[in-house]
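This report refers to the structure that appears directly beneath it.
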Amino acid sequence: MAAIQIPKRWLLPNSQGTPEGVFLNRRQVLRSLGYSSLGLVLGANTGCDLDLGGFRHRRRTAGALGRRFRDRFPARRNLDFGIGDRSLTPEEVSSSTNNFYEFSTNKGAVWELAQGYPVDPWVVEVGGLVHQPRTLNLEDLFRRFPLEERLYRFRCVERWAMQVPWTGFPLARLIDELKPLASARYVRFVSVHDPDRMPGQGNTYYPWPYYEALRLDEARHDLAFVVLGVYGHALPMQHGAPWRVICPWKYGYKSPKSIVRIEFTEHQPPTFWNDLQPSEYGFFSNVNPDKPHPRWSQAREEDIGTLEKRPTLLYNGYAEQVGHLYGGQEV
């Protein structure tokens, strides 16, 4: 008897998914967004240039690693992870709206300021409560684990939202590889510090470099994801190249970019925004419509791709998966 699959309500219906081949055919990408392949206006409106080979994305969507590790993309999509009845955010939109204060506090300016930032070679220090401190390089990140693509919702504390196809592998696999001690309860991430090439780090109000942390049970949850690529190719710098972490049930600032250090600790480590403004940013920072930010109600959000305004979902729609981790009082 053939197995009957009853799809979970958070999964993406087949009719909503963009097939892997779409990422390889630029004309199809544009058609999927409702654009004509002949309109000269398209180049101005979408940031795509017209040439004899069809449309190509502008520099803003190019992976920061260039052609290195190109054989790792696109990865096979894991259909256990989807975005429900929402549509994917067009790549030109998600690559043009980025909070990356190391470059600028202007979300629309980040992608251009990040152009050409060198991410190869890249070294990640691993320390704290581990059996053996070590360093990781790009080969460790891109070759050691099988890659997959997942469709995730993404929610900013500023109330904008998007839906993105990330490529990577479960964070739990990396943590197990690094072998933290039994006394470790948290994992801390530190982002790159390079004020000579990151103009935003000249702003001394912020305690650079950026640092974030997760409880280990959160970091080992299957939704927590090491991200190496997006839209079927390696990450552009504005998305946090060469690698970042994504926790889709938390506000976006809990997903640190361009990580250069991993540290395991027994006690809860400080985090960047909580240190700066503890009344506004908690350690856990789970998406919760009933816990308003002092400056913004979190009851509703706006999709930056469709401009649709809709109610915010508890844990960004992942309550069924992660609700058991929390007692409801975490901030």
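Ligands are numbered from 1 in the order shown, chains are lettered A, B, ... in the order of the structure tokens, and residues start at 1 in each chain.
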
Write out as a count of residues only each polymer residue whose atoms come within 9 Å of Pro269 (chain A), counting only C-alpha atoms; drop sequence neighbours fewer than 2 positions from it.
10

Taking the DSSP secondary structure from the backbone, can you list the residues of region 133-176 of chain A that are alpha helix (DSSP H), as a CSV table (one decimal) with N, CA, C and O atoms, in the first residue's frame?
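After the write, out-v2.csv holds the following:
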chain,number,residue,atom,x,y,z
A,138,LEU,N,37.6,27.5,5.6
A,138,LEU,CA,36.5,27.4,4.6
A,138,LEU,C,36.3,25.9,4.2
A,138,LEU,O,35.1,25.5,4.0
A,139,GLU,N,37.3,25.2,4.0
A,139,GLU,CA,37.2,23.8,3.6
A,139,GLU,C,36.4,23.0,4.7
A,139,GLU,O,35.5,22.2,4.4
A,140,ASP,N,36.7,23.3,6.0
A,140,ASP,CA,35.9,22.7,7.1
A,140,ASP,C,34.4,22.9,7.0
A,140,ASP,O,33.6,22.1,7.2
A,141,LEU,N,34.1,24.2,6.6
A,141,LEU,CA,32.7,24.6,6.6
A,141,LEU,C,32.0,24.1,5.4
A,141,LEU,O,30.8,23.6,5.4
A,142,PHE,N,32.6,24.1,4.2
A,142,PHE,CA,32.0,23.9,2.9
A,142,PHE,C,32.1,22.4,2.5
A,142,PHE,O,31.3,21.9,1.7
A,143,ARG,N,33.0,21.6,3.0
A,143,ARG,CA,33.2,20.3,2.6
A,143,ARG,C,32.9,19.2,3.6
A,143,ARG,O,32.7,18.0,3.2
A,171,LEU,N,23.1,23.3,12.6
A,171,LEU,CA,24.1,23.8,13.5
A,171,LEU,C,24.5,22.7,14.5
A,171,LEU,O,25.7,22.6,14.9
A,172,ALA,N,23.6,21.8,14.8
A,172,ALA,CA,23.9,20.7,15.7
A,172,ALA,C,25.1,19.8,15.2
A,172,ALA,O,25.9,19.3,16.0
A,173,ARG,N,25.2,19.7,13.9
A,173,ARG,CA,26.3,18.9,13.4
A,173,ARG,C,27.7,19.5,13.6
A,173,ARG,O,28.6,18.8,14.0
A,174,LEU,N,27.7,20.8,13.5
A,174,LEU,CA,28.9,21.5,13.8
A,174,LEU,C,29.3,21.5,15.3
A,174,LEU,O,30.4,21.2,15.6
A,175,ILE,N,28.3,21.7,16.1
A,175,ILE,CA,28.5,21.6,17.5
A,175,ILE,C,29.0,20.2,18.0
A,175,ILE,O,30.0,20.1,18.7
A,176,ASP,N,28.4,19.2,17.4
A,176,ASP,CA,28.9,17.8,17.8
A,176,ASP,C,30.3,17.6,17.3
A,176,ASP,O,31.1,16.9,18.0

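Distance check against Thr312 (chain A) using only C-alpha atoms: of A:His233, A:Arg153, A:Arg215, A:Arg70, the minimum falls on A:Arg153.
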
Considering only C-alpha atoms, state which residue in the set A:Ala219, A:Met162, A:Met198, A:Val230 is at the smallest distance from Ala62 (chain A).
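Distance minimum relative to Ala62 (chain A) lands on A:Val230.
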
Neighbouring residues of Asp196 (chain A) were defined as those with any atom within 12 Å, considering only C-alpha atoms; residues of the same chain fewer than 6 positions away were excluded. Please report them as a list in words.
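Near Asp196 (chain A), the qualifying residues are Glu102, Phe103, Tyr117, Gly202 and Asn203 of chain A.
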
Could you list, with a cut-off of 12 Å and counting only C-alpha atoms, the residues of region 144-214 of chain A near region 236-242 of chain A, each shown with its nearest atom pair and the distance in Å rounded to one decimal, rows sorted by chain and ascending number, as a tab-separated table?
residue	atom	partner	partner_atom	distance
A:Val164	CA	A:His239	CA	11.1
A:Trp166	CA	A:His239	CA	10.4
A:Thr167	CA	A:Pro242	CA	11.9
A:Gly168	CA	A:Pro242	CA	11.3
A:Ser191	CA	A:Gly240	CA	9.3
A:Val192	CA	A:Gly240	CA	9.9
A:Met198	CA	A:Met237	CA	11.4

Just-selected residues, N, CA and C atoms written as a compact mmCIF listing (two decimals), in the first residue's frame:
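Just written: selection.txt:
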# COMPACT_ATOMS: atom_id res chain seq x y z
N VAL A 164 13.05 33.13 2.71
CA VAL A 164 14.34 32.99 2.02
C VAL A 164 14.73 31.51 1.90
N TRP A 166 17.66 29.33 2.26
CA TRP A 166 19.03 29.25 2.75
C TRP A 166 19.65 27.90 2.40
N THR A 167 20.95 27.87 2.18
CA THR A 167 21.68 26.62 1.96
C THR A 167 22.71 26.45 3.07
N GLY A 168 22.77 25.25 3.65
CA GLY A 168 23.73 25.00 4.70
C GLY A 168 23.54 23.64 5.32
N SER A 191 31.42 38.01 15.62
CA SER A 191 31.55 38.37 14.21
C SER A 191 32.87 39.09 13.94
N VAL A 192 33.16 39.25 12.69
CA VAL A 192 34.43 39.85 12.26
C VAL A 192 34.52 41.31 12.73
N MET A 198 35.23 48.05 7.24
CA MET A 198 33.81 48.07 7.60
C MET A 198 33.51 49.44 8.20

For Gln163 (chain A): contacts at 7 Å, only C-alpha atoms, fewer than 2 positions along chain excluded, given as a list in words
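Those residues are Ser87, Leu88, Thr89, Leu151, Tyr152, Arg153 and Phe154 of chain A.
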
List the spatial neighbours of Thr204 (chain A) as a PyMOL selection string - criterion: any atom at most 12 Å away, only C-alpha atoms, same-chain residues fewer than 5 positions off excluded.
chain A and resi 101-102+195+199+209

Dump as a PDB file, in the first residue's frame, selection limited to N, CA and C atoms:
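Saved result, again.pdb, follows:
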ATOM      1  N   TYR A 101      25.159  46.506  10.627  1.00  0.00           N
ATOM      2  CA  TYR A 101      25.641  47.804  11.094  1.00  0.00           C
ATOM      3  C   TYR A 101      27.152  47.959  10.945  1.00  0.00           C
ATOM      4  N   GLU A 102      27.859  46.855  10.787  1.00  0.00           N
ATOM      5  CA  GLU A 102      29.295  46.952  10.556  1.00  0.00           C
ATOM      6  C   GLU A 102      29.610  47.770   9.305  1.00  0.00           C
ATOM      7  N   PRO A 195      37.506  47.443  11.295  1.00  0.00           N
ATOM      8  CA  PRO A 195      37.054  48.825  11.098  1.00  0.00           C
ATOM      9  C   PRO A 195      37.687  49.514   9.889  1.00  0.00           C
ATOM     10  N   PRO A 199      33.048  50.379   7.408  1.00  0.00           N
ATOM     11  CA  PRO A 199      32.932  51.768   7.873  1.00  0.00           C
ATOM     12  C   PRO A 199      32.024  51.948   9.071  1.00  0.00           C
ATOM     13  N   PRO A 209      33.537  43.876  18.500  1.00  0.00           N
ATOM     14  CA  PRO A 209      32.773  43.238  17.423  1.00  0.00           C
ATOM     15  C   PRO A 209      31.420  42.731  17.912  1.00  0.00           C
TER      16      PRO A 209
END

At what distance in Å, to one decimal, does CA of Trp249 (chain A) lie from CA of Asn286 (chain A)?
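Between CA of Asn286 (chain A) and CA of Trp249 (chain A) the gap is 6.1 Å.
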
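Shortest separation to Lys107 (chain A) among A:Gly229, A:Val93, A:Leu136, A:Ala319 occurs at residue A:Val93, atoms counted being only C-alpha atoms.
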